[in-house]
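Undergrad: Here it is: the structure, laid out below.
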Amino acid sequence: MIAVVRESATPEQLDHLVSWIEDRGFRTNVSQGASETIIGIIGDTTRIDPFILESMDIVDRVQRVSEPYKLANRKFHPEDTVVDCGHGVLVGGGSFQVIAGPCSVEGDNLIKIARAVKAAGATMLRGGAFKPRTSPYTSQGMGAEGLDLLMEAGEELGMPVVTEVMDPRDVQLFLDKGVNVMQIGARNAQNFSLLREVGKTNVPVLLKRGMSETIDELLMGAEYVMSEGNANVMLCERGIRTFETRTRNTFDVNAIPVLHHLTHLPVIGDPSHATGYTRYVRSAAYAAVAAGADALEIEVHDCPAKAWSDGAQALTPEQFSDAMRRIALIREAVVASVEEA
C-alpha cells in the first residue's frame, strides 16, 4: 500500500504520519520526489483501513500495490534511483556507464587491460576473483589475491571495481578489501542467504538475472536485498536460457524497458554473457543502449585465445574502443530523440 502525501504537508506532519503507521506494526519507506512524497507501507496491509488514511488532512490518496515486490516497485518510488558506485561514478537517472574488464583476474595483465578500457571510455572495472564454473575442474579464480589486484588497478585508475561474491561467508572479505560493487551472478540470483547478507551492507549490488528467471523473480531477488536495508541495487539483463542454441543465451532486450516501467532501480545490459560469441557482442550492446540501458557490462581481454574463462565472448581492446565510439553515437541519438519527444 502507498499513501501519497499532499505538497502542503510540513516535515512535522509527515513525521507524525510515519510514526502513526509504524506504531501499528508496519514498516515504512518514504520517497520524496520533485512533485510528490510517497509513503510505502510494508506488511499485512489488509489490517489497515485505507479510508482512515485518506481522511487525514495531509494524505492525498491511498493505493494498494498488488505486486509482491514493494521496495523495488516504481509505485513506491516514482523517480529513478541513482546508485553511487564510488570515484564519482553514478548509475541511473540519466547517468550512463560502461563496466569493462576480463572475465577472470589472471595476474599482471589486468592492469594492462584496465588501462586500455579506461582509455576507451569505460568508467568501471570488472573482473572475477572468485569464479562460479559449471565444471569443478576448470579455473575457479585467484580468490583474495585477485581482489587485491583488482583494487590496486581500480585505485590507480580511479575506477570503481565490480566483482562477484559467491558465498555469504565472503561478504566480510569483500568489505575489508573495499570492493565498490558486489556482483551477484546468474547462478546465485536466488541464493536468498547471499542476497540477505549483501543486503546488510550499504555497498552497491549488481544483481544479474538468473538463467531461467522471470522478470518478476529478478525483482523479488532485489526485494530480498532491499528488505535488509540496502537500497543500492542495480539489475542486470544477461540473457536467459531458451530453446535457441545458436547463442549462449537469448538476450531479452524487452526486459530493459519492462524493468524501467516496473522499477526505479537502474538497469544494466550484459551483451557478453547474453550472446557468448565475440562476433555478436557489439550488436547486442548497441541494442541494449537503444532500449534504454543505464549501463553496459562488457568483457574485454588483451588475448582472448589465452583467457582463463569465456575467451570466446571477450572483445579485444581495439574492438572495445570501436564499440565505445558507436555506443556514444547511439546514446546521442537516443537521448536527443527522447528530449525532442
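Ligands are numbered from 1 in the order shown, residues from 1 within each chain, and chains are lettered A, B, ... in the order they appear in the C-alpha cells.
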Could you give me, as CSV, a per-residue list for segment 261-333 of chain A showing, wherever an atom lies at most 7 Å from an atom of segment 235-246 of chain A, the closest pair of atoms and their distance in Å to one decimal, using only C-alpha atoms and sorting by chain then residue number from low to high?
TA:
residue,atom,partner,partner_atom,distance
A:Leu265,CA,A:Leu235,CA,6.9
A:Pro266,CA,A:Leu235,CA,6.2
A:Val267,CA,A:Leu235,CA,4.9
A:Ile268,CA,A:Cys236,CA,4.5
A:Gly269,CA,A:Glu237,CA,5.1
A:Asp270,CA,A:Arg238,CA,4.7
A:Pro271,CA,A:Arg238,CA,6.5
A:His273,CA,A:Arg238,CA,5.7
A:Ala274,CA,A:Gly239,CA,4.2
Undergrad: Step one, run DSSP on the backbone; step two, keep only residues of segment 58-268 of chain A assigned to helix (DSSP H, G or I); then write them as a ChimeraX atom specification.
TA: /A:109-120,144-157,168-177,186-188,192-199,215-227,255-262
Undergrad: For segment 67-75 of chain A, list every protein, DNA or RNA residue within 10 Å, evaluated using only C-alpha atoms, and leave out those in the same chain fewer than 6 positions away; present the list as a PyMOL selection string.
TA: chain A and resi 1-2+28-29+38+40-43+81+216-227+229+231+233+259-265
Undergrad: Let me see the file: selected residues, N, CA and C atoms, as a short mmCIF file (atom, residue, chain, number, x, y, z; two decimals), in the first residue's frame.
TA:
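Result written to out.cif:
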data_model
loop_
_atom_site.label_atom_id
_atom_site.label_comp_id
_atom_site.auth_asym_id
_atom_site.auth_seq_id
_atom_site.Cartn_x
_atom_site.Cartn_y
_atom_site.Cartn_z
N MET A 1 0.85 -1.19 0.00
CA MET A 1 0.00 0.00 0.00
C MET A 1 0.89 1.24 0.00
N ILE A 2 0.44 2.29 -0.71
CA ILE A 2 1.16 3.56 -0.68
C ILE A 2 0.20 4.68 -0.32
N THR A 28 7.81 1.39 6.99
CA THR A 28 7.54 2.45 6.02
C THR A 28 8.77 2.74 5.18
N ASN A 29 8.52 3.24 3.98
CA ASN A 29 9.59 3.67 3.09
C ASN A 29 9.13 5.00 2.49
N ILE A 38 5.79 10.05 -1.31
CA ILE A 38 5.04 8.80 -1.18
C ILE A 38 5.54 8.04 0.03
N GLY A 40 5.55 4.40 1.45
CA GLY A 40 5.27 2.99 1.20
C GLY A 40 5.00 2.29 2.52
N ILE A 41 3.92 1.56 2.59
CA ILE A 41 3.53 0.86 3.82
C ILE A 41 3.73 -0.63 3.59
N ILE A 42 4.61 -1.24 4.38
CA ILE A 42 5.02 -2.61 4.15
C ILE A 42 4.56 -3.49 5.30
N GLY A 43 3.94 -4.59 4.96
CA GLY A 43 3.40 -5.51 5.95
C GLY A 43 2.06 -6.03 5.49
N THR A 81 16.14 5.68 -9.17
CA THR A 81 17.21 5.61 -8.19
C THR A 81 18.56 5.81 -8.88
N ASP A 216 9.72 -10.89 -12.87
CA ASP A 216 9.22 -10.74 -11.51
C ASP A 216 10.12 -11.43 -10.49
N GLU A 217 10.69 -12.57 -10.86
CA GLU A 217 11.61 -13.26 -9.94
C GLU A 217 12.88 -12.45 -9.74
N LEU A 218 13.35 -11.79 -10.79
CA LEU A 218 14.51 -10.90 -10.65
C LEU A 218 14.19 -9.77 -9.68
N LEU A 219 13.01 -9.20 -9.81
CA LEU A 219 12.62 -8.11 -8.91
C LEU A 219 12.47 -8.60 -7.47
N MET A 220 12.02 -9.83 -7.29
CA MET A 220 11.92 -10.37 -5.94
C MET A 220 13.30 -10.60 -5.34
N GLY A 221 14.29 -10.94 -6.19
CA GLY A 221 15.67 -11.05 -5.71
C GLY A 221 16.16 -9.70 -5.20
N ALA A 222 15.85 -8.64 -5.95
CA ALA A 222 16.21 -7.29 -5.49
C ALA A 222 15.51 -6.96 -4.19
N GLU A 223 14.27 -7.43 -4.05
CA GLU A 223 13.50 -7.17 -2.83
C GLU A 223 14.17 -7.79 -1.61
N TYR A 224 14.76 -8.98 -1.79
CA TYR A 224 15.50 -9.62 -0.69
C TYR A 224 16.64 -8.73 -0.21
N VAL A 225 17.38 -8.16 -1.16
CA VAL A 225 18.50 -7.29 -0.79
C VAL A 225 17.97 -6.04 -0.09
N MET A 226 16.97 -5.42 -0.68
CA MET A 226 16.46 -4.15 -0.17
C MET A 226 15.75 -4.31 1.16
N SER A 227 15.15 -5.47 1.40
CA SER A 227 14.43 -5.70 2.66
C SER A 227 15.36 -5.69 3.86
N GLY A 229 17.80 -3.49 4.06
CA GLY A 229 18.23 -2.11 4.26
C GLY A 229 19.11 -1.52 3.19
N ALA A 231 19.49 -0.21 -0.31
CA ALA A 231 18.69 0.25 -1.46
C ALA A 231 19.53 0.44 -2.71
N VAL A 233 20.75 -1.07 -5.34
CA VAL A 233 20.68 -2.28 -6.16
C VAL A 233 20.56 -1.89 -7.63
N LEU A 259 11.56 -3.46 -17.25
CA LEU A 259 12.07 -3.18 -15.91
C LEU A 259 12.00 -1.69 -15.59
N HIS A 260 12.30 -0.85 -16.56
CA HIS A 260 12.19 0.60 -16.31
C HIS A 260 10.75 0.99 -15.98
N HIS A 261 9.79 0.28 -16.55
CA HIS A 261 8.39 0.56 -16.25
C HIS A 261 8.01 0.10 -14.85
N LEU A 262 8.55 -1.05 -14.43
CA LEU A 262 8.13 -1.67 -13.18
C LEU A 262 8.91 -1.18 -11.96
N THR A 263 10.18 -0.78 -12.16
CA THR A 263 11.04 -0.49 -11.02
C THR A 263 11.81 0.81 -11.23
N HIS A 264 12.21 1.40 -10.13
CA HIS A 264 13.02 2.61 -10.15
C HIS A 264 14.51 2.31 -10.17
N LEU A 265 14.88 1.03 -10.06
CA LEU A 265 16.29 0.66 -9.98
C LEU A 265 16.96 0.74 -11.34
#
Undergrad: Show me, as a ChimeraX atom specification, the residues that have an atom within 8 Å of Leu110 of chain A when counting only C-alpha atoms, minus same-chain residues fewer than 5 positions from it.
TA: /A:101-102,105,149-150,153
Undergrad: So that I have them on file, write out the residues from the current selection with N, CA and C atoms, as a PDB file, in the first residue's frame.
TA:
ATOM      1  N   GLY A 101      36.251  -5.175 -18.529  1.00  0.00           N
ATOM      2  CA  GLY A 101      37.429  -5.859 -17.995  1.00  0.00           C
ATOM      3  C   GLY A 101      37.340  -7.344 -18.298  1.00  0.00           C
ATOM      4  N   PRO A 102      38.295  -8.105 -17.841  1.00  0.00           N
ATOM      5  CA  PRO A 102      38.321  -9.539 -18.145  1.00  0.00           C
ATOM      6  C   PRO A 102      37.313 -10.324 -17.324  1.00  0.00           C
ATOM      7  N   VAL A 105      40.281 -12.498 -13.276  1.00  0.00           N
ATOM      8  CA  VAL A 105      41.560 -11.868 -12.954  1.00  0.00           C
ATOM      9  C   VAL A 105      42.637 -12.940 -13.075  1.00  0.00           C
ATOM     10  N   LEU A 149      44.518  -7.453  -6.626  1.00  0.00           N
ATOM     11  CA  LEU A 149      44.917  -6.921  -7.927  1.00  0.00           C
ATOM     12  C   LEU A 149      43.856  -5.981  -8.486  1.00  0.00           C
ATOM     13  N   LEU A 150      42.605  -6.359  -8.332  1.00  0.00           N
ATOM     14  CA  LEU A 150      41.513  -5.505  -8.798  1.00  0.00           C
ATOM     15  C   LEU A 150      41.512  -4.164  -8.091  1.00  0.00           C
ATOM     16  N   ALA A 153      44.364  -1.909  -9.231  1.00  0.00           N
ATOM     17  CA  ALA A 153      44.103  -1.324 -10.547  1.00  0.00           C
ATOM     18  C   ALA A 153      43.044  -0.232 -10.450  1.00  0.00           C
TER      19      ALA A 153
END
Undergrad: Enter the distance from atom CA of Tyr280 of chain A to atom CA of Arg248 of chain A, in Å, rounded to one decimal.
TA: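 Atom-to-atom, atom CA of Tyr280 of chain A and atom CA of Arg248 of chain A are spaced 10.6 Å apart.
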Undergrad: To one decimal place in Å, what is the distance between atom CA of Glu228 of chain A and atom CA of Thr123 of chain A?
TA: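 Atom CA of Glu228 of chain A sits 28.5 Å away from atom CA of Thr123 of chain A.
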Undergrad: Smallest atom-to-atom distance to Cys303 of chain A: which of A:Leu90, A:Ile113, A:Ala255, A:Ile58, using only C-alpha atoms?
TA: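 Closest candidate: A:Ile113.
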Undergrad: Can you write out as CSV which residues of segment 101-139 of chain A fall within 8 Å of segment 156-178 of chain A, alongside each residue's closest atom pair and its distance in Å to one decimal, counting only C-alpha atoms and ordering rows by chain and ascending residue number?
TA:
residue,atom,partner,partner_atom,distance
A:Ala114,CA,A:Leu157,CA,7.9
A:Arg115,CA,A:Leu157,CA,7.3
A:Lys118,CA,A:Leu157,CA,7.6
A:Thr123,CA,A:Met159,CA,6.0
A:Met124,CA,A:Pro160,CA,5.1
A:Leu125,CA,A:Val161,CA,5.0
A:Arg126,CA,A:Val162,CA,4.7
A:Gly127,CA,A:Thr163,CA,5.6
A:Gly128,CA,A:Thr163,CA,5.5
A:Ala129,CA,A:Thr163,CA,7.0
A:Phe130,CA,A:Glu164,CA,6.6
A:Lys131,CA,A:Glu164,CA,7.6
A:Pro132,CA,A:Met166,CA,7.4
Undergrad: Keeping N, CA, C and O atoms for every residue in the selection just given, could you write it to a file as a compact mmCIF listing (two decimals), in the first residue's frame?
TA:
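Output file again27.txt follows:
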# COMPACT_ATOMS: atom_id res chain seq x y z
N ALA A 114 42.95 -2.96 -17.90
CA ALA A 114 42.26 -1.86 -17.22
C ALA A 114 42.62 -0.51 -17.84
O ALA A 114 41.75 0.34 -18.06
N ARG A 115 43.89 -0.32 -18.13
CA ARG A 115 44.31 0.95 -18.75
C ARG A 115 43.69 1.11 -20.13
O ARG A 115 43.29 2.21 -20.53
N LYS A 118 39.92 1.92 -19.82
CA LYS A 118 39.79 3.28 -19.30
C LYS A 118 40.03 4.29 -20.43
O LYS A 118 39.28 5.26 -20.59
N THR A 123 34.15 3.37 -17.49
CA THR A 123 34.20 4.11 -16.23
C THR A 123 34.27 3.22 -15.00
O THR A 123 34.49 3.71 -13.90
N MET A 124 34.07 1.89 -15.19
CA MET A 124 34.13 0.95 -14.09
C MET A 124 34.87 -0.30 -14.54
O MET A 124 34.79 -0.70 -15.71
N LEU A 125 35.60 -0.91 -13.62
CA LEU A 125 36.43 -2.08 -13.93
C LEU A 125 35.79 -3.34 -13.39
O LEU A 125 35.45 -3.42 -12.21
N ARG A 126 35.63 -4.34 -14.25
CA ARG A 126 35.10 -5.63 -13.82
C ARG A 126 36.19 -6.70 -13.91
O ARG A 126 37.16 -6.57 -14.65
N GLY A 127 36.01 -7.74 -13.12
CA GLY A 127 36.94 -8.87 -13.15
C GLY A 127 36.53 -9.86 -12.07
O GLY A 127 36.09 -9.47 -11.00
N GLY A 128 36.64 -11.13 -12.38
CA GLY A 128 36.25 -12.16 -11.43
C GLY A 128 37.43 -12.70 -10.64
O GLY A 128 38.38 -13.25 -11.21
N ALA A 129 37.38 -12.53 -9.32
CA ALA A 129 38.40 -13.13 -8.45
C ALA A 129 37.95 -14.51 -7.98
O ALA A 129 38.75 -15.42 -7.81
N PHE A 130 36.64 -14.64 -7.75
CA PHE A 130 36.02 -15.92 -7.42
C PHE A 130 35.09 -16.26 -8.58
O PHE A 130 34.20 -15.49 -8.93
N LYS A 131 35.28 -17.44 -9.18
CA LYS A 131 34.54 -17.77 -10.39
C LYS A 131 33.62 -18.97 -10.19
O LYS A 131 34.08 -20.07 -9.86
N PRO A 132 32.31 -18.79 -10.43
CA PRO A 132 31.40 -19.94 -10.42
C PRO A 132 31.47 -20.64 -11.77
O PRO A 132 31.06 -20.09 -12.78
Undergrad: Using only C-alpha atoms, can you tell me which of A:Asn191, A:Ala291, A:Ala120, A:Pro257 comes closest to Asp322 of chain A?
TA: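 With only C-alpha atoms as the atom set, the closest residue is A:Ala120.
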Undergrad: From a DSSP pass on the backbone, collect the residues of segment 167-322 of chain A flagged as strand (DSSP E or B) and hand them back as a PyMOL selection string.
TA: chain A and resi 181-184+205-208+233-237+240+250+263+267-269+295-300+315
Undergrad: Output the selection as an mmCIF file, in the first residue's frame - N, CA and C atoms for each residue.
TA:
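Done, and the output landed in result.cif:
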data_model
loop_
_atom_site.group_PDB
_atom_site.id
_atom_site.type_symbol
_atom_site.label_atom_id
_atom_site.label_comp_id
_atom_site.auth_asym_id
_atom_site.auth_seq_id
_atom_site.Cartn_x
_atom_site.Cartn_y
_atom_site.Cartn_z
ATOM 1 N N VAL A 181 31.507 -2.464 -5.819
ATOM 2 C CA VAL A 181 30.218 -3.042 -6.215
ATOM 3 C C VAL A 181 30.309 -4.559 -6.126
ATOM 4 N N MET A 182 29.405 -5.162 -5.359
ATOM 5 C CA MET A 182 29.368 -6.613 -5.246
ATOM 6 C C MET A 182 28.360 -7.168 -6.253
ATOM 7 N N GLN A 183 28.860 -8.005 -7.129
ATOM 8 C CA GLN A 183 28.005 -8.600 -8.156
ATOM 9 C C GLN A 183 27.471 -9.950 -7.695
ATOM 10 N N ILE A 184 26.183 -10.168 -7.915
ATOM 11 C CA ILE A 184 25.563 -11.469 -7.683
ATOM 12 C C ILE A 184 25.308 -12.081 -9.050
ATOM 13 N N VAL A 205 25.001 -3.222 -5.100
ATOM 14 C CA VAL A 205 24.871 -4.610 -5.533
ATOM 15 C C VAL A 205 24.416 -4.636 -6.985
ATOM 16 N N LEU A 206 25.147 -5.372 -7.819
ATOM 17 C CA LEU A 206 24.740 -5.594 -9.204
ATOM 18 C C LEU A 206 24.170 -7.004 -9.265
ATOM 19 N N LEU A 207 22.854 -7.085 -9.408
ATOM 20 C CA LEU A 207 22.160 -8.363 -9.374
ATOM 21 C C LEU A 207 21.827 -8.820 -10.783
ATOM 22 N N LYS A 208 22.411 -9.948 -11.185
ATOM 23 C CA LYS A 208 22.154 -10.476 -12.522
ATOM 24 C C LYS A 208 20.901 -11.345 -12.533
ATOM 25 N N VAL A 233 20.752 -1.068 -5.343
ATOM 26 C CA VAL A 233 20.678 -2.276 -6.161
ATOM 27 C C VAL A 233 20.565 -1.891 -7.630
ATOM 28 N N MET A 234 21.342 -2.581 -8.476
ATOM 29 C CA MET A 234 21.258 -2.428 -9.925
ATOM 30 C C MET A 234 20.925 -3.792 -10.517
ATOM 31 N N LEU A 235 20.017 -3.810 -11.481
ATOM 32 C CA LEU A 235 19.561 -5.051 -12.095
ATOM 33 C C LEU A 235 20.277 -5.262 -13.424
ATOM 34 N N CYS A 236 20.602 -6.507 -13.737
ATOM 35 C CA CYS A 236 21.346 -6.785 -14.963
ATOM 36 C C CYS A 236 20.661 -7.862 -15.797
ATOM 37 N N GLU A 237 20.296 -7.497 -17.023
ATOM 38 C CA GLU A 237 19.798 -8.460 -18.009
ATOM 39 C C GLU A 237 21.009 -9.048 -18.736
ATOM 40 N N ILE A 240 18.743 -15.109 -21.077
ATOM 41 C CA ILE A 240 18.076 -16.221 -20.405
ATOM 42 C C ILE A 240 18.156 -17.467 -21.275
ATOM 43 N N THR A 250 19.659 -16.210 -24.741
ATOM 44 C CA THR A 250 18.844 -15.314 -25.558
ATOM 45 C C THR A 250 18.744 -13.982 -24.835
ATOM 46 N N THR A 263 10.177 -0.784 -12.163
ATOM 47 C CA THR A 263 11.043 -0.487 -11.024
ATOM 48 C C THR A 263 11.808 0.808 -11.231
ATOM 49 N N VAL A 267 19.042 -0.262 -14.664
ATOM 50 C CA VAL A 267 19.052 -1.498 -15.439
ATOM 51 C C VAL A 267 20.305 -1.539 -16.314
ATOM 52 N N ILE A 268 21.028 -2.639 -16.216
ATOM 53 C CA ILE A 268 22.294 -2.823 -16.926
ATOM 54 C C ILE A 268 22.142 -3.947 -17.939
ATOM 55 N N GLY A 269 22.774 -3.801 -19.096
ATOM 56 C CA GLY A 269 22.782 -4.854 -20.095
ATOM 57 C C GLY A 269 24.145 -5.519 -20.171
ATOM 58 N N ALA A 295 23.510 1.221 -18.149
ATOM 59 C CA ALA A 295 24.925 0.860 -18.189
ATOM 60 C C ALA A 295 25.076 -0.419 -18.996
ATOM 61 N N LEU A 296 26.306 -0.703 -19.387
ATOM 62 C CA LEU A 296 26.658 -1.965 -20.032
ATOM 63 C C LEU A 296 27.785 -2.617 -19.254
ATOM 64 N N GLU A 297 27.809 -3.946 -19.269
ATOM 65 C CA GLU A 297 28.934 -4.689 -18.705
ATOM 66 C C GLU A 297 29.498 -5.568 -19.816
ATOM 67 N N ILE A 298 30.742 -5.314 -20.194
ATOM 68 C CA ILE A 298 31.342 -5.961 -21.363
ATOM 69 C C ILE A 298 32.688 -6.578 -20.987
ATOM 70 N N GLU A 299 32.915 -7.807 -21.442
ATOM 71 C CA GLU A 299 34.181 -8.481 -21.168
ATOM 72 C C GLU A 299 35.223 -8.117 -22.220
ATOM 73 N N VAL A 300 36.394 -7.752 -21.741
ATOM 74 C CA VAL A 300 37.500 -7.353 -22.606
ATOM 75 C C VAL A 300 38.758 -8.079 -22.138
ATOM 76 N N LEU A 315 35.895 -9.130 -26.059
ATOM 77 C CA LEU A 315 36.382 -8.222 -27.083
ATOM 78 C C LEU A 315 37.852 -7.927 -26.828
#
Undergrad: Considering only C-alpha atoms, return as a PDB file with N, CA and C atoms, in the first residue's frame whatever protein or nucleic-acid residues lie within 10 Å of Gly311 of chain A, sequence-local ones (same chain, fewer than 5 positions apart) excluded.
TA:
ATOM      1  N   PRO A 102      38.295  -8.105 -17.841  1.00  0.00           N
ATOM      2  CA  PRO A 102      38.321  -9.539 -18.145  1.00  0.00           C
ATOM      3  C   PRO A 102      37.313 -10.324 -17.324  1.00  0.00           C
ATOM      4  N   CYS A 103      36.934 -11.495 -17.843  1.00  0.00           N
ATOM      5  CA  CYS A 103      36.056 -12.386 -17.082  1.00  0.00           C
ATOM      6  C   CYS A 103      36.737 -12.784 -15.783  1.00  0.00           C
ATOM      7  N   SER A 104      37.973 -13.220 -15.873  1.00  0.00           N
ATOM      8  CA  SER A 104      38.742 -13.650 -14.702  1.00  0.00           C
ATOM      9  C   SER A 104      39.981 -12.793 -14.512  1.00  0.00           C
ATOM     10  N   GLY A 276      27.560 -14.845 -25.909  1.00  0.00           N
ATOM     11  CA  GLY A 276      28.569 -15.895 -25.798  1.00  0.00           C
ATOM     12  C   GLY A 276      29.595 -15.915 -26.903  1.00  0.00           C
ATOM     13  N   TYR A 277      29.462 -15.055 -27.891  1.00  0.00           N
ATOM     14  CA  TYR A 277      30.389 -15.024 -29.017  1.00  0.00           C
ATOM     15  C   TYR A 277      30.776 -13.585 -29.327  1.00  0.00           C
ATOM     16  N   THR A 278      32.081 -13.367 -29.489  1.00  0.00           N
ATOM     17  CA  THR A 278      32.595 -12.026 -29.747  1.00  0.00           C
ATOM     18  C   THR A 278      31.880 -11.360 -30.910  1.00  0.00           C
ATOM     19  N   GLU A 299      32.915  -7.807 -21.442  1.00  0.00           N
ATOM     20  CA  GLU A 299      34.181  -8.481 -21.168  1.00  0.00           C
ATOM     21  C   GLU A 299      35.223  -8.117 -22.220  1.00  0.00           C
ATOM     22  N   VAL A 300      36.394  -7.752 -21.741  1.00  0.00           N
ATOM     23  CA  VAL A 300      37.500  -7.353 -22.606  1.00  0.00           C
ATOM     24  C   VAL A 300      38.758  -8.079 -22.138  1.00  0.00           C
ATOM     25  N   HIS A 301      39.537  -8.604 -23.089  1.00  0.00           N
ATOM     26  CA  HIS A 301      40.775  -9.326 -22.764  1.00  0.00           C
ATOM     27  C   HIS A 301      41.837  -8.985 -23.801  1.00  0.00           C
ATOM     28  N   ASP A 302      43.075  -8.863 -23.354  1.00  0.00           N
ATOM     29  CA  ASP A 302      44.144  -8.498 -24.286  1.00  0.00           C
ATOM     30  C   ASP A 302      44.511  -9.639 -25.237  1.00  0.00           C
ATOM     31  N   CYS A 303      44.220 -10.878 -24.853  1.00  0.00           N
ATOM     32  CA  CYS A 303      44.461 -12.032 -25.710  1.00  0.00           C
ATOM     33  C   CYS A 303      43.379 -13.073 -25.441  1.00  0.00           C
ATOM     34  N   PRO A 304      42.190 -12.901 -26.029  1.00  0.00           N
ATOM     35  CA  PRO A 304      41.063 -13.787 -25.722  1.00  0.00           C
ATOM     36  C   PRO A 304      41.363 -15.273 -25.892  1.00  0.00           C
ATOM     37  N   ALA A 305      42.223 -15.615 -26.822  1.00  0.00           N
ATOM     38  CA  ALA A 305      42.529 -17.028 -27.065  1.00  0.00           C
ATOM     39  C   ALA A 305      43.205 -17.679 -25.868  1.00  0.00           C
ATOM     40  N   LYS A 306      43.828 -16.882 -25.005  1.00  0.00           N
ATOM     41  CA  LYS A 306      44.535 -17.412 -23.835  1.00  0.00           C
ATOM     42  C   LYS A 306      43.802 -17.119 -22.520  1.00  0.00           C
ATOM     43  N   THR A 316      38.592  -7.665 -27.892  1.00  0.00           N
ATOM     44  CA  THR A 316      39.940  -7.152 -27.722  1.00  0.00           C
ATOM     45  C   THR A 316      39.837  -5.667 -27.382  1.00  0.00           C
TER      46      THR A 316
END
Undergrad: Out of A:Leu147, A:Arg331, A:Pro78, A:Ser272, which residue has the shortest atom-to-atom distance to Gly107 of chain A when counting only C-alpha atoms?
TA: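 Between A:Leu147, A:Arg331, A:Pro78, A:Ser272, the residue approaching Gly107 of chain A most closely is A:Leu147.
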Undergrad: Which residue, A:Thr37, A:Ser321, A:Thr214, A:Ser283, has the smallest gap to Val258 of chain A when you use only C-alpha atoms?
TA: A:Thr214
Undergrad: Find the residue from A:Arg282, A:Val30, A:Glu155, A:Glu54 that sits nearest to Ala314 of chain A; use only C-alpha atoms when measuring.
TA: A:Arg282
Undergrad: I'd like the neighbourhood of Asp44 of chain A as a ChimeraX atom specification, where a residue qualifies if any of its atoms comes within 12 Å (using only C-alpha atoms), though same-chain residues fewer than 4 positions away should be ignored.
TA: /A:1,24-27,48-49,64-66,68
Undergrad: Atom CA of Pro11 of chain A and atom CA of Gln63 of chain A are how many Å apart?
TA: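 Separating atom CA of Pro11 of chain A from atom CA of Gln63 of chain A is a distance of 21.8 Å.
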